[in-house]
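*Asks:* Sending over work-v8.txt (compact mmCIF, C-alpha atoms).
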```txt
# COMPACT_ATOMS: atom_id res chain seq x y z
CA MET A 1 0.00 0.00 0.00
CA ARG A 2 1.36 3.38 -0.99
CA PHE A 3 1.86 6.08 1.63
CA THR A 4 -0.67 8.40 -0.09
CA GLU A 5 -3.33 5.69 0.11
CA LEU A 6 -2.49 5.11 3.76
CA LEU A 7 -2.75 8.85 4.47
CA ARG A 8 -6.10 9.02 2.64
CA MET A 9 -7.51 6.19 4.76
CA VAL A 10 -6.32 7.87 7.97
CA LEU A 11 -8.01 11.17 7.02
CA ILE A 12 -11.25 9.39 6.04
CA ASN A 13 -11.37 7.54 9.37
CA ILE A 14 -10.73 10.73 11.37
CA LEU A 15 -13.17 12.91 9.42
CA SER A 16 -15.90 10.30 9.63
CA ASN A 17 -15.68 10.51 13.43
CA LYS A 18 -15.09 14.24 13.95
CA SER A 19 -16.75 14.51 17.34
CA LYS A 20 -14.82 11.53 18.72
CA GLY A 21 -11.54 12.94 17.40
CA MET A 22 -12.19 16.36 18.94
CA LEU A 23 -13.11 14.90 22.32
CA THR A 24 -10.06 12.62 22.20
CA SER A 25 -7.76 15.57 21.56
CA LEU A 26 -9.22 17.62 24.44
CA GLY A 27 -6.52 16.53 26.90
CA ILE A 28 -3.81 17.44 24.39
CA VAL A 29 -5.44 20.85 23.85
CA VAL A 30 -5.32 21.60 27.57
CA GLY A 31 -1.76 20.28 27.90
CA SER A 32 -0.48 22.33 24.95
CA ALA A 33 -2.15 25.51 26.19
CA THR A 34 -0.65 24.90 29.63
CA ILE A 35 2.86 24.51 28.18
CA VAL A 36 2.54 27.81 26.28
CA LEU A 37 1.29 29.62 29.39
CA VAL A 38 3.91 28.01 31.64
CA ILE A 39 6.79 29.16 29.44
CA ALA A 40 5.25 32.62 29.04
CA ILE A 41 4.82 32.96 32.81
CA GLY A 42 8.35 31.66 33.44
CA GLN A 43 9.85 34.10 30.94
CA GLY A 44 7.76 36.91 32.41
CA GLY A 45 9.00 35.99 35.89
CA LYS A 46 12.64 36.11 34.76
CA LEU A 47 12.15 39.50 33.11
CA ASP A 48 10.28 40.74 36.16
CA VAL A 49 13.22 39.78 38.40
CA ALA A 50 15.62 41.51 36.00
CA ASP A 51 13.49 44.66 35.99
CA GLN A 52 13.12 44.73 39.75
CA PHE A 53 16.87 44.53 40.25
CA LYS A 54 17.95 46.63 37.29
CA ASN A 55 18.84 49.48 39.65
CA LEU A 56 21.43 47.28 41.37
CA ASN A 57 24.82 46.12 40.18
CA ALA A 58 25.44 42.37 40.66
CA GLY A 59 28.37 43.34 42.90
CA ALA A 60 26.35 45.80 44.98
CA ILE A 61 26.43 45.48 48.78
CA GLU A 62 23.94 47.22 51.07
CA ILE A 63 24.82 48.19 54.64
CA THR A 64 21.97 49.21 56.93
CA GLU A 65 21.74 50.01 60.60
CA GLY A 66 20.31 47.40 62.97
CA MET A 67 19.72 43.69 62.43
CA SER A 68 17.60 42.02 59.82
CA ALA A 69 14.97 39.47 60.85
CA ASP A 70 17.22 36.65 59.63
CA SER A 71 20.19 37.92 61.61
CA MET A 72 18.08 38.26 64.77
CA MET A 73 16.86 34.69 64.34
CA GLU A 74 20.46 33.47 64.03
CA GLN A 75 21.37 35.28 67.23
CA PHE A 76 18.44 33.78 69.11
CA MET A 77 19.26 30.30 67.78
CA GLY A 78 22.90 30.64 68.80
CA GLY A 79 24.15 30.85 65.21
CA GLY A 80 26.03 34.14 65.56
CA ASN A 81 29.73 34.26 65.03
CA SER A 82 31.94 34.94 68.00
CA GLY A 83 34.71 37.39 67.45
CA ALA A 84 35.49 39.41 64.37
CA PRO A 85 36.54 37.58 61.24
CA ASN A 86 39.97 38.17 59.79
CA PHE A 87 40.38 40.28 56.68
CA GLY A 88 40.60 38.13 53.58
CA GLY A 89 41.94 40.96 51.46
CA GLY A 90 45.10 41.65 53.40
CA MET A 91 43.84 44.77 55.23
CA PRO A 92 45.46 45.13 58.66
CA SER A 93 43.20 45.43 61.66
CA GLY A 94 42.99 48.54 63.80
CA LEU A 95 42.75 51.00 60.89
CA GLY A 96 39.20 52.14 61.58
CA ARG A 97 38.61 55.55 63.09
CA GLY A 98 37.21 54.08 66.32
CA ARG A 99 34.82 56.97 66.85
CA ALA A 100 32.42 55.01 69.05
CA SER A 101 33.26 53.57 72.42
CA GLY A 102 31.40 52.15 75.37
CA LYS A 103 30.79 49.09 77.47
CA GLY A 104 28.20 46.41 77.48
CA GLY A 105 26.77 44.08 74.84
CA PRO A 106 25.81 44.98 71.27
CA GLN A 107 22.80 47.14 70.67
CA MET A 108 20.89 48.53 67.69
CA ALA A 109 22.76 51.18 65.78
CA ALA A 110 19.68 53.36 65.94
CA GLY A 111 20.52 53.93 69.57
CA GLY A 112 22.89 56.75 68.64
CA GLU A 113 25.53 55.49 66.18
CA ALA A 114 24.63 56.14 62.56
CA LEU A 115 26.64 55.51 59.44
CA THR A 116 28.50 58.61 58.29
CA GLU A 117 30.51 60.02 55.40
CA ASP A 118 33.64 59.05 57.35
CA ASP A 119 32.55 55.40 57.12
CA VAL A 120 32.28 55.72 53.35
CA GLU A 121 35.77 57.24 53.20
CA ASP A 122 37.15 54.44 55.39
CA ILE A 123 35.55 51.77 53.21
CA LEU A 124 36.93 53.30 50.01
CA ALA A 125 40.40 53.79 51.52
CA LEU A 126 40.85 50.63 53.56
CA VAL A 127 38.77 47.83 52.05
CA PRO A 128 40.30 46.18 48.96
CA ASN A 129 38.34 45.51 45.74
CA ILE A 130 35.92 48.42 46.11
CA GLU A 131 34.79 50.22 42.96
CA SER A 132 32.53 52.87 44.51
CA ALA A 133 30.43 53.63 47.58
CA SER A 134 27.68 56.07 48.50
CA LEU A 135 25.53 57.08 51.42
CA LEU A 136 21.76 57.07 51.02
CA ALA A 137 19.19 58.54 53.38
CA SER A 138 15.54 58.64 52.40
CA GLY A 139 12.29 59.82 53.88
CA SER A 140 9.29 61.95 52.99
CA GLY A 141 9.19 65.69 52.53
CA LEU A 142 6.52 68.27 51.70
CA VAL A 143 7.03 69.65 48.20
CA ASP A 144 5.45 72.63 46.44
CA GLY A 145 5.91 74.21 43.04
CA GLY A 146 5.07 73.68 39.40
CA GLU A 147 1.44 72.67 38.89
CA LEU A 148 0.89 71.48 42.46
CA ASP A 149 -2.09 73.16 44.11
CA GLU A 150 -0.75 72.54 47.60
CA GLU A 151 2.19 71.01 49.43
CA THR A 152 2.40 67.31 48.59
CA SER A 153 4.44 64.58 50.23
CA PHE A 154 7.16 62.98 48.05
CA THR A 155 10.03 60.60 48.73
CA VAL A 156 13.21 62.63 49.28
CA ALA A 157 16.61 60.94 49.10
CA GLY A 158 19.97 62.37 50.07
CA VAL A 159 22.74 60.67 48.12
CA GLN A 160 26.33 61.15 47.06
CA PRO A 161 27.28 61.56 43.36
CA ASP A 162 28.43 57.92 42.98
CA TYR A 163 24.90 56.74 43.76
CA ALA A 164 23.87 57.43 40.15
CA SER A 165 26.34 54.92 38.72
CA ILE A 166 25.83 52.45 41.58
CA SER A 167 22.07 52.32 40.99
CA ASN A 168 22.29 52.58 37.19
CA LEU A 169 20.43 55.88 37.10
CA GLU A 170 20.34 57.61 33.72
CA ILE A 171 19.86 61.34 33.28
CA LEU A 172 17.20 62.24 30.72
CA TYR A 173 17.46 66.02 30.99
CA GLY A 174 20.07 68.17 32.75
CA ASP A 175 22.78 66.80 35.03
CA PHE A 176 23.28 64.89 38.27
CA PHE A 177 25.00 66.76 41.09
CA THR A 178 28.76 66.61 41.72
CA GLU A 179 31.13 66.35 44.69
CA TYR A 180 31.35 70.13 44.75
CA ASP A 181 27.58 70.36 45.19
CA VAL A 182 27.82 67.98 48.16
CA GLU A 183 30.71 69.91 49.71
CA ASP A 184 28.93 73.26 49.32
CA LYS A 185 25.53 71.88 50.44
CA GLU A 186 23.98 73.24 47.26
CA LYS A 187 20.18 73.43 47.14
CA ILE A 188 19.72 71.52 43.92
CA ALA A 189 17.50 68.55 43.14
CA VAL A 190 17.27 65.76 40.58
CA LEU A 191 13.73 64.51 39.98
CA GLY A 192 12.55 61.04 39.13
CA TYR A 193 10.63 60.79 35.86
CA LYS A 194 7.18 60.32 37.41
CA THR A 195 7.87 62.93 40.08
CA ALA A 196 8.72 65.49 37.39
CA GLN A 197 5.49 64.67 35.60
CA ASP A 198 3.45 64.94 38.81
CA ILE A 199 4.92 68.34 39.70
CA PHE A 200 5.34 70.02 36.30
CA GLY A 201 3.11 67.97 34.03
CA SER A 202 6.07 67.02 31.86
CA ALA A 203 9.61 65.81 32.53
CA TYR A 204 10.91 68.15 29.82
CA LEU A 205 9.53 71.25 31.56
CA ALA A 206 11.12 70.48 34.96
CA THR A 207 14.80 71.31 34.31
CA ASP A 208 16.02 74.63 35.77
CA GLU A 209 12.67 75.20 37.50
CA ILE A 210 12.29 75.90 41.23
CA ILE A 211 10.56 73.66 43.75
CA THR A 212 10.10 74.05 47.49
CA ILE A 213 11.03 71.22 49.85
CA GLU A 214 10.15 71.67 53.52
CA GLY A 215 9.88 75.43 52.95
CA LYS A 216 13.24 75.92 51.17
CA ASN A 217 13.78 76.55 47.47
CA TYR A 218 15.71 74.11 45.29
CA SER A 219 16.73 74.39 41.65
CA VAL A 220 15.95 71.34 39.51
CA ALA A 221 19.31 70.31 38.01
CA GLY A 222 18.05 67.28 36.11
CA VAL A 223 15.40 64.63 35.49
CA LEU A 224 16.04 60.88 35.44
CA SER A 225 14.96 58.48 32.72
CA SER A 226 12.03 56.23 33.61
CA MET A 227 13.08 52.96 35.29
CA GLY A 228 9.77 51.35 36.24
CA THR A 229 9.25 49.28 39.38
CA VAL A 230 12.29 48.19 41.37
CA SER A 231 12.37 45.82 44.35
CA SER A 232 15.41 47.13 46.19
CA GLY A 233 15.70 50.51 47.87
CA ILE A 234 13.60 53.46 46.78
CA SER A 235 11.82 53.77 43.45
CA PRO A 236 13.87 56.26 41.39
CA ASP A 237 10.85 57.28 39.29
CA GLU A 238 8.99 58.55 42.34
CA ALA A 239 11.83 60.20 44.27
CA ILE A 240 13.57 63.54 44.57
CA PHE A 241 17.36 63.28 44.93
CA LEU A 242 19.36 65.87 46.85
CA PRO A 243 23.07 66.09 47.69
CA TYR A 244 23.54 64.08 50.87
CA SER A 245 24.92 66.99 52.90
CA THR A 246 22.02 69.20 51.78
CA ALA A 247 19.41 66.62 52.75
CA GLU A 248 21.13 66.06 56.10
CA LYS A 249 21.16 69.77 56.95
CA TYR A 250 17.82 71.00 55.58
CA VAL A 251 15.49 67.97 55.40
CA PHE A 252 16.36 65.17 57.84
CA GLY A 253 18.46 66.86 60.53
CA ASN A 254 19.23 64.69 63.55
CA ASP A 255 16.68 62.10 62.44
CA ILE A 256 18.83 60.96 59.54
CA ALA A 257 19.39 57.18 59.39
CA PRO A 258 21.47 56.48 56.28
CA GLN A 259 22.60 53.29 54.64
CA ILE A 260 25.69 52.69 52.52
CA THR A 261 25.70 51.05 49.12
CA VAL A 262 29.04 49.63 47.98
CA VAL A 263 29.98 48.10 44.63
CA ALA A 264 32.72 45.48 44.58
CA SER A 265 35.11 45.74 41.63
CA ASP A 266 34.94 41.95 41.17
CA VAL A 267 31.71 39.99 41.72
CA GLY A 268 33.81 37.02 42.83
CA GLU A 269 35.20 39.08 45.73
CA VAL A 270 31.82 40.10 47.17
CA GLU A 271 32.06 37.71 50.14
CA ASN A 272 35.54 38.95 51.09
CA VAL A 273 34.46 42.57 50.70
CA MET A 274 31.46 41.99 52.96
CA THR A 275 33.69 40.37 55.59
CA ASN A 276 36.16 43.26 55.46
CA ILE A 277 33.40 45.86 55.73
CA GLU A 278 31.98 44.04 58.75
CA VAL A 279 35.37 44.16 60.51
CA LEU A 280 35.83 47.83 59.68
CA LEU A 281 32.39 48.83 60.95
CA ASN A 282 32.87 46.78 64.12
CA GLU A 283 36.02 48.80 64.81
CA ASN A 284 34.36 52.13 63.99
CA HIS A 285 31.12 51.31 65.86
CA PRO A 286 31.82 48.66 68.53
CA ASN A 287 28.42 49.17 70.19
CA ALA A 288 26.37 49.02 67.00
CA MET A 289 24.96 46.34 64.77
CA PHE A 290 24.68 46.45 60.99
CA THR A 291 23.07 44.26 58.36
CA ILE A 292 25.27 43.66 55.33
CA SER A 293 23.66 42.02 52.30
CA ASP A 294 24.58 41.66 48.64
CA ALA A 295 22.38 42.20 45.61
CA GLY A 296 23.61 39.01 43.96
CA SER A 297 22.08 36.85 46.70
CA LYS A 298 18.78 38.69 46.43
CA MET A 299 18.71 38.28 42.66
CA GLU A 300 19.62 34.62 42.95
CA ALA A 301 16.89 33.99 45.53
CA ALA A 302 14.29 35.77 43.39
CA SER A 303 15.39 33.85 40.28
CA LYS A 304 15.18 30.54 42.16
CA SER A 305 11.64 31.37 43.26
CA ALA A 306 10.65 32.14 39.67
CA ASN A 307 12.27 28.92 38.43
CA THR A 308 10.54 26.87 41.14
CA LEU A 309 7.18 28.27 40.07
CA SER A 310 7.96 27.39 36.45
CA MET A 311 8.93 23.82 37.37
CA LEU A 312 5.71 23.35 39.33
CA LEU A 313 3.65 24.57 36.40
CA ILE A 314 5.59 22.33 33.98
CA ALA A 315 4.83 19.37 36.25
CA VAL A 316 1.13 20.25 36.05
CA ALA A 317 1.39 20.43 32.24
CA ALA A 318 3.11 17.03 32.12
CA ILE A 319 0.31 15.48 34.17
CA VAL A 320 -2.27 16.96 31.80
CA PHE A 321 -0.39 15.49 28.82
CA VAL A 322 -0.32 12.06 30.45
CA VAL A 323 -4.06 12.23 31.05
CA GLY A 324 -4.57 13.29 27.43
CA GLY A 325 -2.34 10.45 26.23
CA ILE A 326 -4.29 7.89 28.24
CA GLY A 327 -7.44 9.22 26.63
CA ILE A 328 -5.96 8.70 23.16
CA MET A 329 -4.87 5.17 24.07
CA ASN A 330 -8.30 4.22 25.39
CA VAL A 331 -10.08 5.58 22.31
CA LEU A 332 -7.69 3.72 20.00
CA PHE A 333 -8.29 0.47 21.86
CA VAL A 334 -12.03 0.97 21.31
CA THR A 335 -11.38 1.86 17.66
CA VAL A 336 -9.33 -1.30 17.14
CA LYS A 337 -12.19 -3.33 18.64
CA GLU A 338 -14.74 -1.63 16.39
CA ARG A 339 -12.63 -2.05 13.25
CA THR A 340 -11.39 -5.60 13.81
CA GLN A 341 -13.10 -6.93 10.69
CA GLU A 342 -11.75 -4.02 8.65
CA ILE A 343 -8.25 -4.89 9.83
CA GLY A 344 -8.82 -8.54 8.89
CA LEU A 345 -10.03 -7.53 5.42
CA MET A 346 -6.99 -5.30 4.86
CA LYS A 347 -4.66 -8.12 5.85
CA ALA A 348 -6.51 -10.56 3.62
CA LEU A 349 -6.03 -8.15 0.71
CA GLY A 350 -2.28 -8.08 1.33
CA SER A 351 -1.70 -5.20 3.78
CA ARG A 352 1.42 -5.76 5.77
CA LYS A 353 1.75 -5.61 9.55
CA VAL A 354 3.77 -2.38 9.38
CA GLU A 355 1.08 -0.69 7.27
CA ILE A 356 -1.62 -1.48 9.83
CA LEU A 357 0.69 -0.21 12.56
CA LEU A 358 1.38 3.02 10.66
CA GLU A 359 -2.32 3.62 9.97
CA PHE A 360 -3.36 3.58 13.63
CA LEU A 361 -0.22 5.37 14.74
CA MET A 362 -0.83 8.15 12.19
CA GLU A 363 -4.40 8.48 13.43
CA ALA A 364 -3.07 9.01 16.96
CA ASN A 365 -0.52 11.54 15.66
CA PHE A 366 -3.09 13.49 13.66
CA ILE A 367 -5.42 13.69 16.65
CA SER A 368 -2.62 14.84 18.95
CA LEU A 369 -1.25 17.30 16.35
CA PHE A 370 -4.70 18.81 15.92
CA GLY A 371 -5.01 19.11 19.71
CA GLY A 372 -1.52 20.64 19.89
CA ILE A 373 -2.29 23.32 17.27
CA VAL A 374 -5.59 24.24 18.92
CA GLY A 375 -3.91 24.22 22.35
CA VAL A 376 -1.05 26.49 21.22
CA ALA A 377 -3.50 28.97 19.72
CA LEU A 378 -5.60 28.85 22.90
CA GLY A 379 -2.51 29.33 25.08
CA PHE A 380 -1.40 32.47 23.26
CA ALA A 381 -4.99 33.76 23.30
CA LEU A 382 -5.20 33.31 27.09
CA ILE A 383 -2.01 35.29 27.84
CA PRO A 384 -3.88 38.66 28.08
CA ALA A 385 -6.38 37.05 30.46
CA VAL A 386 -3.56 35.83 32.73
CA GLU A 387 -1.94 39.30 32.66
CA PHE A 388 -5.29 40.79 33.68
CA PHE A 389 -4.89 39.07 37.06
CA GLY A 390 -1.54 40.78 37.65
CA MET A 391 0.86 38.05 36.48
CA ARG A 392 3.45 39.07 33.91
CA CYS A 393 3.62 36.88 30.79
CA GLU A 394 6.03 37.12 27.88
CA PRO A 395 4.94 35.13 24.78
CA VAL A 396 7.73 32.91 23.47
CA VAL A 397 7.66 31.15 20.10
CA LEU A 398 9.70 28.35 21.63
CA GLY A 399 6.76 27.63 23.93
CA GLY A 400 4.50 26.90 20.97
CA ILE A 401 7.13 24.68 19.31
CA LEU A 402 7.70 22.68 22.50
CA ALA A 403 3.95 22.28 23.00
CA LEU A 404 3.59 20.81 19.50
CA ILE A 405 6.54 18.47 20.06
CA PHE A 406 5.06 17.26 23.34
CA ALA A 407 1.66 16.79 21.70
CA VAL A 408 3.01 14.65 18.84
CA ALA A 409 5.24 12.71 21.23
CA THR A 410 2.27 12.00 23.48
CA GLY A 411 0.22 10.71 20.55
CA THR A 412 3.09 8.51 19.37
CA ILE A 413 3.89 7.03 22.78
CA PHE A 414 0.33 6.34 23.88
CA GLY A 415 -0.89 5.36 20.42
CA PHE A 416 1.82 2.81 19.74
CA TYR A 417 0.51 -0.06 21.86
CA PRO A 418 -3.06 -0.03 20.47
CA ALA A 419 -1.60 0.25 16.95
CA PHE A 420 0.76 -2.64 17.67
CA LYS A 421 -2.15 -4.76 18.93
CA ALA A 422 -4.11 -3.98 15.77
CA SER A 423 -1.21 -4.92 13.52
CA GLY A 424 -0.79 -8.23 15.33
CA LEU A 425 -4.29 -9.53 14.53
CA THR A 426 -4.45 -12.49 12.15
CA PRO A 427 -6.80 -12.22 9.12
CA ILE A 428 -8.88 -15.32 9.98
CA LYS A 429 -9.33 -14.35 13.65
CA ALA A 430 -10.16 -10.74 12.77
CA LEU A 431 -12.71 -11.63 10.08
CA SER A 432 -14.44 -14.16 12.31
CA GLN A 433 -15.20 -11.62 15.07
CA ASP A 434 -18.56 -9.88 15.12
```
As structure tokens - that is how I would like this structure written.

*Replies:*
Amino acid sequence: MRFTELLRMVLINILSNKSKGMLTSLGIVVGSATIVLVIAIGQGGKLDVADQFKNLNAGAIEITEGMSADSMMEQFMGGGNSGAPNFGGGMPSGLGRGRASGKGGPQMAAGGEALTEDDVEDILALVPNIESASLLASGSGLVDGGELDEETSFTVAGVQPDYASISNLEILYGDFFTEYDVEDKEKIAVLGYKTAQDIFGSAYLATDEIITIEGKNYSVAGVLSSMGTVSSGISPDEAIFLPYSTAEKYVFGNDIAPQITVVASDVGEVENVMTNIEVLLNENHPNAMFTISDAGSKMEAASKSANTLSMLLIAVAAIVFVVGGIGIMNVLFVTVKERTQEIGLMKALGSRKVEILLEFLMEANFISLFGGIVGVALGFALIPAVEFFGMRCEPVVLGGILALIFAVATGTIFGFYPAFKASGLTPIKALSQD
């Protein structure tokens, strides 16, 4: 029997039982749609993680006052380290400024010892493998000017010039402030993109204008490019950046509680840099506690969470495919039973065992391929609906290709045994059955 004749018989058998074929392919449709959505959600999760951490360098290290919840748990469970670790980078001990002194056990840094510009200078001068460092203090401040009808609260951040490169901030209009502006406590401000729009109606109109922060006038030196949502630190789009010394003097005063962001020159040296910073701060502030964390660990943890979600969804899709495959196998077993005499007649007319096998196997493949195509189309169509519920999805062509491959593979695997059983029937036995 020629292949074209075999193909024609397969199509006739499928088209003569359209409803049965469609119902049989239902499991494959669901499985294929699930694969497309799973890969879209996984890709969206990866991009979401990248967007959330795009304001942080992979080698960034954050130093904050006080203890994190994890650190406090370690202390309570007896997991804290005793004694200060040695410097891995060859920095001799005893080089900190030693500004703080006192007796008794450790206490929260908020009790009177805050991070200062001197700490930043010490870190840059004494800790090896440091590319840059900057202080950051943030809070809220009442702002007036532009198109605002009344004073409105905005996030105000006091930073040093290196903060722009550390956090990957890009200037859209104007300029970021310089070291001279910090030294002279200049009253200048750099606005986030959304903040500029909220105050002046347009980011373009904000440069060189005057705004009032806590009753004092500031000149707008620049406006940042839009960055979107970020998961670490403040949101640049919704903030107003001032020179650190200016913010300390005119906005925060004695209530300032800064953190330091450091960028290691080599990502592979982050652990050593963190250890060295810890030793230095322990010498400068013996009665204080600080939490030191790196951006790389945060990104890795977020990526692992996204990957875990993807794997769980893939497992669900695999289960759906198995269920769909079992459905195909059951229907083919029934079909073989119904067409036993037909199989006997074909064999009596000279059809070979392999031709019978191919006929039923092709029927299973056509049903699964049809289900795969419909499922892929349905999966891509459902992506907007999934995004409506707040989950980011990124359509990927590879998802559709993989779904089709899985669909055909499922039809082949689960259709083989019924097809093999059909091909094994003898003509006399098949023709004699009612």

*Asks:* Just checking: using all atoms listed in the file, which residue out of A:Pro161, A:Gly192, A:Gly201, A:Gly44 ends up closest to A:Glu147?

*Replies:*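 Between A:Pro161, A:Gly192, A:Gly201, A:Gly44, the residue approaching A:Glu147 most closely is A:Gly201.
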
*Asks:* Which residue gives the smallest distance to A:Leu378 among A:Thr152, A:Ser16, A:Val36, A:Ala206, with all atoms listed in the file counted?

*Replies:* A:Val36

*Asks:* Just give me the gap between atom CA of A:Gly222 and atom CA of A:Asp255 in Å, one decimal is fine.

*Replies:*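 It comes out at 26.9 Å.
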
*Asks:* Give me the residues within 8 Å of A:Ile130 as a count of residues only, counting only C-alpha atoms and dropping any in the same chain fewer than 2 places off.

*Replies:* 11

*Asks:* Out of A:Gln43, A:Ser25, A:Thr64, A:Ser310, which residue has the shortest atom-to-atom distance to A:Pro395 when counting only C-alpha atoms?

*Replies:* A:Gln43
